[in-house]
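Participant: Structure provided below as structure tokens; questions to follow.
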Amino acid sequence: MVSASAYVPAIVLLPFVSFIVALFGRDNLPKRGAYGGIAATAGSLALSLWVLVSVRNGAAFQETYYTWATGVGSQPWGLTFGALIDPLSALMLVIVSLVAMLVHIFSLGYMNDEDERDLPRYYAGLGLFTASMLGFVIADNLLMAFMFFELVGLCSYLLIGFHFREPGPPSAAKKAFLVTRFGDYFFLVGVVAVFTTFGTAAFAGTESFPALAEAALNGEATVWTPGGLEVSTWFTIVGLLILGGVIGKSAQFPLHTWLPDAMEGPTPVSALIHAATMVAAGVYLVARMYGFYVLSPTTMAIIAFVGGFTALFAATMGVVKRELKQVLAYSTISQYGYMMLALGSGGYVAAVFHLTTHAFFKALLFLGAGSVIIAMHHNEDMWDMGGLKDKMPVTYWTFLAGSLALAGIFPFAGFWSKDEILYEALIHGLDEPLILGAYVMGLLAVPVTAFYTFRMVFLTFHGEPRSSLARDPHPVRWNVKGPLSVLGVLAVVTGGINMVPVQKVLGIEGIDYLHLWLDNHWGGIEGLSSHHYAELNPYSSQYLFGGEVSTVLAGAAVSLGLALGGLALAWALYNVADPAEHTDKLGGLKALLYNNYYQDEFQVWVADNTRAVAGSADTFDQGVIDGVVNGVSSVSLLSSERIRRIQSGVVSNYALLLTLGLTTLLVVFGLIGGWF
Amino acid sequence: MSLLLQGTATDWVFSVRALLPVVLLALTGLVVFGINSLRPDGRDNKLLALTSIAGTLSALGVAIWYLLAGTGQPTHGGAISLFSGAIIVDGLGLFFTAIFTSVATLVIAASYDYFETDANPASFYSLLLLATTAMGLMAVSNSLATVFVSLEMASLPSYALVAYLKDNRGSVEAGLKYFLIGAVSSAVLAFGISLVYAATGSLLLPDIAAQIGSVGDLNGVLGVGIVMVAGGVAFKTASVPFHFWAPEAYEGAPAPVSAFLSSASKAAGFAVGFRVFATAFQPALDIGIDWGLLFGILAVVTMVLGNFAAATQTEVKRMLAYSSIGHAGYALIGLAAITAGASATNATVMGAAMAHLFVYGFMNTGAFLFIAMVERWGVGRTFEDYAGLAERAPMASLAMAVFMFSLAGLPLFGGFLSKYVLFLGAINAGFWWLAAVGAVTSALSLFYYSRVVKALWLEDATTDLDAIGDAPTGLYAAVIVAGVVTVLLLPGFGPVIETAEAAAAALFA
Amino acid sequence: MSWLAIGALALVGIAIPLAMIVVSALLRPAVPESGKKTTYESGEIPTGSGRVQLNIQYYMVALLFVVFDIETVMVFPWAVMYRSALEAGVPLSQALLPLLAFIGILVVGLVWAWRVGAVQWTRSIRAATQKTERQNT
């Protein structure tokens, strides 16, 4: 039987081929490259599912395909490309290829039917992005991950700036690129640090850097540290350096500012890249090397706190936004905050769970928003909408499913995953004030999330149409409704893969599939199981009200209650025939929220005030580095001029110089050799 | 050729067969004379060019055939000694003959167009063929007497070739300078040979080697002689301080002649140098005559001076002349990195130098032939004048870009591998400083080589380029063939380096 | 020590001519006269400038002469030993043929030079005009 493992490279290469085809095929392709992209991503999806099934049958593996550089010395490092297929990456492969395929189909409706120009460029970008993202997912070492991490960043830049003839997108693309690059800079330093510390960047195996780090902490191995630094301190520093890239890519505070602007890109791109997959790369990376992070309590606490803070912080900004996609952008930031909170508080499975559910319901919401935007002739202002419920039922019902999931309403997917995150944060946070603080912020974000989500739903779909566009929306076709329906179903049922609360309350064993899956229940790679991570976990679990079951129930009740509260408030304020803006009631807060806490201004201020630093770097570059280079070249040119002057053109001078040269040589070598 | 491989060196038929490439070249030269004698007033440019090319190609073919068949190589009975040991046919001789004949073929093809309007091209072809013949002899000379005679045989036609454009002041001046410096250098060489003879009592290279151990007090005389012989080699290879003729001669000479001199003539000098120093003077290293260091110093000075001077030139041809001096420095590493008793590394580094000369033969010839084409078009000589040529002559300009980058040693063309192997060989032999200087000067060379490419491809034409209408067949073919070979030598470098190292190893065995 | 002798010889070699010049400069009477400064032309009164251009043909003839001069140098030793070589049993192909080939090559060269007009006395324009001038006077 042919093993699925042999086809893992094909998962990555198929979208890459579609990229090449779209790149060179240009306008000659059917549907401008869309079919190629759909076929490629469908192929990737099929192979990913096959891989998923084979991992389910215990065929997880790690394989090095290509060593592109080998060092010298007694313990040479190899820089390699390879695949690490374990339950985590198999799951992620399916998510990425599924969403990518649905987005490709949706693009038929959003881009092709709208007669956009330069579509081959668009599909080439999508193809390259999908390939890079899948490559990132299967990466078996940190350097390879970094390379694909950068590639997805590049694709994000290209796709945000797709409408580069308009003023907004290019600027947004640049911002996204620069802000994420700022984080990636730390990531790169971290990669180098990992290499120098451990001599390897592999994720899995006994010689992997998480394993070596664990051994080093137990005193079983020695690793290099700068200046004899304490091993644990150094691991914290390395972890934080890599976290820089994560914070940039997953749009966590304070590097979240690029994501709302990235909404300038086409909506399918927002769905694929800026909601479901690329933004998840940061979280995925932490999960991938969780065995390393879990060793450093400080880093864990920072991750949790940053996550919790971002969850609340971004949610509050989402409350006042007028544009549909802006609300979704802030909700994305907020939701990734939840995942970081889960990771930081030891809830590895919870984070992956929320990553999965969020990928589906947020992609759904973005595609739903895309559908609305098509209908509204690319007007995104929610105050111009209203009453779309009856005119576009498919969009409405699927969007509603996604919204319920996002708001965390029972029994939609988001409820289960968000609940588990909060539960993990709670039980681990009772002894850890930082985690507890993060938990509280996460909890407070719940009603806010529910509020802005349903404010969005009510303003868009309910009430009376508030503009002529809303009265007569542009119809959408199957290629929009199809992906919406698929994702709508997933948003409803995905929670079923991990019914932990049900299991705990009702005592039904074996319905926490995701837990079993990530715990290598059906086989996996040694050292990469959630069980292993839980053992390394620096936290102890505490329960309220005297027991696990009661804690579960209390936590679920609180978060569901808060969510319903937020929903109810939104209902009261906006589910009326002619809703009014209530933002004035916020007083001074309104300006603060509208301006996103002045984060953009703050970053500009920082950039302006660090110009001196950049300036001195520039001076150093121009003065010292270039100076040396220019100095060398001018010295060369000067001496060349001298040499040129020897060549006087007078033949007797030549004869003289020749004779003198020969005589000098004779004398020198005579003296050296002792001939005389 | 089984007879050839086994026969004893007594009868002249055998000698002719062993020396077939050289004999073919000489005969072709005579045939060209004959054709011209029969029709002194008919120009017969095409016939003469074709005859000459037939001669050089057949000589090249025979040389390659012998190389492949193993003639004169250790696998087939070893070197063939002729005329009481004055001449020796072996891998080194055949390898260099292949270089000379390849270059000569390209140059003749180019000359067909370059001398299209010349009154009497026959004398050009015959001079070129006779010079090539002499170079072939240089490569197989096994005695200092034949070395001297063949070197003079090669030099005299070269002087005439440089001055071939009788009405061109630059050409005549260059020829005269070349001749005068050549005369001085020949005197030095002859004096050196006489001193070596005085010390060792023999002119045959193996006999010299055998006698060096017993020179006793005469080691000073021998040392002076060896340095002077090195001077003679330095003249032929255009190495510092015997290089002064080169920029003037290359610049003033007709460009095909510059190509011939800077590629074939230089290689011939190295052929003599490699054989004489490896065969005859190697034992001298043991008695305090450190000619390895001498060549090391010459190599460094030559690399530095050649490349630095090239960097400030304003005329492309003169820049190439200096770059050709710089390349002599690279090839000198092949002699400089020789140490007493280290046969394996010696053979490796000398083989690498030979392979570099082989690759260099194509890329440098091609570059000069491109200049020949530009001269024919009547475009100016400076970098500015070359601006925008790529628009009018894209194929030739592409080939020129290949030559330039290959000369600089960029890793897409043959020149990269040969330089790489050469520097690596030097490092392995313990001469990292030679490799370092070579690498640094190569980096510098990229600066001035890329100026040509930049002018050709990136800059807009400053002059009227309407004259570039015609595409001279022979010139174009020669440039393109040289370009293709330069590119093909990247994948095809393996056989070249293997042959060269085997030939060098036979010398040190 | 052998180098010392060479050095002494060189010293003497330079010293003798120098000494002769110095001694004669000390002994001779100083009588400045314009006739002493003129070029010595075998007692004739010099005419024209010192720089004379000769016809290139002189060089051609000289070159051809050198060719045959060298030929003679090569043939002479051969001729001396030819008979004794034959008597010693050296086959004709080795005793005679190489020399014939050598001379044959020279002949080819000579024929070529002859055919392309190297030995023909060309008339330069200047020489022709000078000739007509002489005839007219």
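Residues are named by chain letter and number: chains run A, B, ... in the order of the structure tokens, numbers start at 1 in each chain, and ligands are numbered from 1 in the order shown.
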Skip range 53-60 of chain C itself and residues of its chain fewer than 4 positions away, then list as JSON, numbers by chain all residues within 8 Å of it, counting only C-alpha atoms.
Facilitator: {"C": [64, 118, 119, 121, 122]}
Participant: Using N, CA and C atoms, can you export the residues from the last selection as a short mmCIF file (atom, residue, chain, number, x, y, z; two decimals), in the first residue's frame?
Facilitator:
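What landed in result.cif:
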```cif
data_model
loop_
_atom_site.label_atom_id
_atom_site.label_comp_id
_atom_site.auth_asym_id
_atom_site.auth_seq_id
_atom_site.Cartn_x
_atom_site.Cartn_y
_atom_site.Cartn_z
N LEU C 64 66.57 38.50 -46.25
CA LEU C 64 66.72 37.29 -47.05
C LEU C 64 68.13 36.77 -46.97
N ALA C 118 58.96 40.57 -52.88
CA ALA C 118 59.84 41.09 -51.85
C ALA C 118 61.21 41.46 -52.40
N VAL C 119 61.64 40.75 -53.45
CA VAL C 119 62.96 41.04 -53.99
C VAL C 119 62.90 42.02 -55.16
N TRP C 121 62.64 45.50 -56.76
CA TRP C 121 62.98 46.85 -56.27
C TRP C 121 61.82 47.78 -56.59
N THR C 122 61.07 48.10 -55.53
CA THR C 122 59.92 48.97 -55.80
C THR C 122 60.40 50.39 -55.95
#
```
Participant: Write out as a ChimeraX atom specification which residues come within 12 Å of Ala85 in chain C when counting only C-alpha atoms, dropping same-chain ones fewer than 6 positions away.
Facilitator: /C:77-79,91-96
Participant: Export C-alpha atoms of the chosen residues as a PDB file, in the first residue's frame?
Facilitator:
```pdb
ATOM      1  CA  PRO C  77      78.492  20.875 -40.350  1.00  0.00           C
ATOM      2  CA  TRP C  78      76.156  18.547 -42.135  1.00  0.00           C
ATOM      3  CA  ALA C  79      78.365  18.558 -45.215  1.00  0.00           C
ATOM      4  CA  PRO C  91      70.383   5.245 -43.974  1.00  0.00           C
ATOM      5  CA  LEU C  92      69.851   7.959 -46.523  1.00  0.00           C
ATOM      6  CA  SER C  93      66.452   8.737 -45.070  1.00  0.00           C
ATOM      7  CA  GLN C  94      68.150   9.948 -41.947  1.00  0.00           C
ATOM      8  CA  ALA C  95      71.286  11.428 -43.406  1.00  0.00           C
ATOM      9  CA  LEU C  96      69.891  13.335 -46.367  1.00  0.00           C
TER      10      LEU C  96
END
```
Participant: Restrict the distance test to only C-alpha atoms, flag each residue of chain A within 8 Å of chain B, and return the flagged residues as a PyMOL selection string.
Facilitator: chain A and resi 636-637+639-641+643-644+647+649+651+654-655+657-658+661-662+665-666+669-670+672-676
Participant: Could you list, as a VMD selection string, the residues of chain C having an atom within 12 Å of chain B when counting only C-alpha atoms?
Facilitator: chain C and resid 1 to 3 90 to 98 101 104 to 118
Participant: Let me make sure I understand: among A:Thr659, A:Ser417, A:Thr453, A:Thr257, which one has the smallest atom-to-atom distance to Asn595 in chain A if we use only C-alpha atoms?
Facilitator: A:Thr257
Participant: Pull the closest atom pair for each residue of range 219-335 of chain A that gets at most 9 Å from range 134-148 of chain A, along with the distance in Å to one decimal, counting only C-alpha atoms, ordering rows by chain and then ascending residue number, as a tab-separated table.
Facilitator:
```
residue	atom	partner	partner_atom	distance
A:Ala281	CA	A:Phe136	CA	7.9
A:Tyr284	CA	A:Val137	CA	8.0
A:Leu285	CA	A:Ala145	CA	8.2
A:Arg288	CA	A:Val137	CA	9.0
A:Met289	CA	A:Leu142	CA	8.7
```
Participant: Could you write those residues out with C-alpha atoms, as a PDB file, in the first residue's frame?
Facilitator:
```
ATOM      1  CA  ALA A 281       0.935  30.930  12.170  1.00  0.00           C
ATOM      2  CA  TYR A 284       0.752  27.477  15.651  1.00  0.00           C
ATOM      3  CA  LEU A 285       4.438  28.179  16.074  1.00  0.00           C
ATOM      4  CA  ARG A 288       4.677  23.575  17.584  1.00  0.00           C
ATOM      5  CA  MET A 289       7.512  24.328  19.976  1.00  0.00           C
TER       6      MET A 289
END
```
Participant: Extract, using only C-alpha atoms, all DNA, RNA and protein residues at most 12 Å from Pro254 in chain B, discarding same-chain residues fewer than 3 positions from it, and format them as number ranges by chain.
Facilitator: B: 107, 110-111, 114-115, 124, 158-172, 174-175, 248-251, 257-261, 317, 368-369, 371-376
Participant: Take the selection from the previous step and output its residues with N, CA and C atoms, as a compact mmCIF listing (two decimals), in the first residue's frame.
Facilitator:
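See selection_38.txt below for the written result:
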```txt
# COMPACT_ATOMS: atom_id res chain seq x y z
N VAL B 107 40.76 32.59 -33.63
CA VAL B 107 41.37 33.83 -34.12
C VAL B 107 41.34 33.86 -35.64
N ALA B 110 37.94 34.71 -36.86
CA ALA B 110 37.66 36.13 -36.68
C ALA B 110 38.43 36.97 -37.68
N SER B 111 39.66 36.54 -37.97
CA SER B 111 40.51 37.33 -38.86
C SER B 111 39.95 37.36 -40.28
N TYR B 114 38.07 40.33 -40.07
CA TYR B 114 38.84 41.50 -39.63
C TYR B 114 39.75 41.99 -40.75
N PHE B 115 40.35 41.04 -41.49
CA PHE B 115 41.27 41.43 -42.56
C PHE B 115 40.62 41.31 -43.93
N PHE B 124 49.41 37.10 -43.04
CA PHE B 124 48.86 37.05 -41.68
C PHE B 124 48.60 35.62 -41.25
N SER B 158 55.21 36.74 -33.77
CA SER B 158 54.33 37.55 -32.94
C SER B 158 54.64 39.03 -33.11
N TYR B 159 55.94 39.38 -33.15
CA TYR B 159 56.28 40.78 -33.36
C TYR B 159 55.66 41.28 -34.66
N ALA B 160 55.83 40.48 -35.68
CA ALA B 160 55.30 40.88 -36.98
C ALA B 160 53.78 40.98 -36.94
N LEU B 161 53.17 40.06 -36.21
CA LEU B 161 51.70 40.09 -36.15
C LEU B 161 51.22 41.35 -35.45
N VAL B 162 51.89 41.73 -34.37
CA VAL B 162 51.47 42.94 -33.66
C VAL B 162 51.57 44.14 -34.58
N ALA B 163 52.63 44.18 -35.36
CA ALA B 163 52.83 45.33 -36.24
C ALA B 163 52.14 45.13 -37.59
N TYR B 164 51.18 44.23 -37.64
CA TYR B 164 50.66 43.85 -38.94
C TYR B 164 49.96 44.99 -39.67
N LEU B 165 49.31 45.87 -38.90
CA LEU B 165 48.64 46.99 -39.56
C LEU B 165 49.69 48.06 -39.86
N LYS B 166 50.31 47.93 -41.05
CA LYS B 166 51.49 48.74 -41.34
C LYS B 166 51.18 50.24 -41.36
N ASP B 167 49.94 50.57 -41.67
CA ASP B 167 49.61 51.99 -41.77
C ASP B 167 49.12 52.56 -40.45
N ASN B 168 49.05 51.71 -39.44
CA ASN B 168 48.51 52.16 -38.17
C ASN B 168 49.67 52.42 -37.22
N ARG B 169 49.83 53.68 -36.81
CA ARG B 169 50.97 54.04 -35.96
C ARG B 169 51.00 53.20 -34.69
N GLY B 170 49.80 53.03 -34.09
CA GLY B 170 49.74 52.29 -32.82
C GLY B 170 50.24 50.87 -33.00
N SER B 171 49.83 50.25 -34.09
CA SER B 171 50.21 48.87 -34.34
C SER B 171 51.72 48.76 -34.51
N VAL B 172 52.29 49.66 -35.31
CA VAL B 172 53.72 49.59 -35.57
C VAL B 172 54.51 49.88 -34.30
N ALA B 174 53.53 49.46 -31.25
CA ALA B 174 53.39 48.34 -30.33
C ALA B 174 54.32 47.21 -30.74
N GLY B 175 54.39 46.96 -32.04
CA GLY B 175 55.24 45.89 -32.52
C GLY B 175 56.70 46.15 -32.18
N GLU B 248 50.86 47.63 -24.09
CA GLU B 248 51.05 48.37 -25.34
C GLU B 248 50.79 47.46 -26.54
N ALA B 249 51.36 46.26 -26.46
CA ALA B 249 51.23 45.36 -27.60
C ALA B 249 49.78 44.94 -27.80
N TYR B 250 49.10 44.59 -26.69
CA TYR B 250 47.71 44.15 -26.82
C TYR B 250 46.83 45.28 -27.32
N GLU B 251 47.15 46.49 -26.88
CA GLU B 251 46.29 47.59 -27.27
C GLU B 251 46.53 47.99 -28.71
N VAL B 257 44.94 39.57 -33.05
CA VAL B 257 46.30 39.26 -32.63
C VAL B 257 46.41 39.39 -31.12
N SER B 258 45.76 40.43 -30.57
CA SER B 258 45.77 40.56 -29.11
C SER B 258 45.18 39.31 -28.48
N ALA B 259 44.09 38.83 -29.06
CA ALA B 259 43.47 37.63 -28.53
C ALA B 259 44.45 36.47 -28.56
N PHE B 260 45.13 36.35 -29.69
CA PHE B 260 46.07 35.24 -29.87
C PHE B 260 47.21 35.33 -28.86
N LEU B 261 47.77 36.54 -28.74
CA LEU B 261 48.92 36.69 -27.85
C LEU B 261 48.53 36.50 -26.40
N LYS B 317 39.91 47.78 -24.39
CA LYS B 317 40.96 46.86 -24.84
C LYS B 317 42.15 46.88 -23.89
N PHE B 368 38.48 39.39 -26.52
CA PHE B 368 39.23 40.20 -27.47
C PHE B 368 38.59 40.18 -28.85
N LEU B 369 38.00 39.05 -29.19
CA LEU B 369 37.36 38.99 -30.51
C LEU B 369 36.11 39.88 -30.54
N ILE B 371 36.02 42.66 -29.09
CA ILE B 371 36.61 43.97 -29.34
C ILE B 371 36.98 44.11 -30.81
N ALA B 372 37.46 42.99 -31.37
CA ALA B 372 37.75 43.02 -32.81
C ALA B 372 36.50 43.41 -33.59
N MET B 373 35.38 42.84 -33.16
CA MET B 373 34.12 43.14 -33.85
C MET B 373 33.79 44.62 -33.70
N VAL B 374 33.95 45.13 -32.48
CA VAL B 374 33.66 46.54 -32.25
C VAL B 374 34.59 47.42 -33.07
N GLU B 375 35.85 47.02 -33.15
CA GLU B 375 36.80 47.80 -33.96
C GLU B 375 36.37 47.81 -35.41
N ARG B 376 35.87 46.67 -35.86
CA ARG B 376 35.42 46.58 -37.24
C ARG B 376 34.23 47.49 -37.48
```
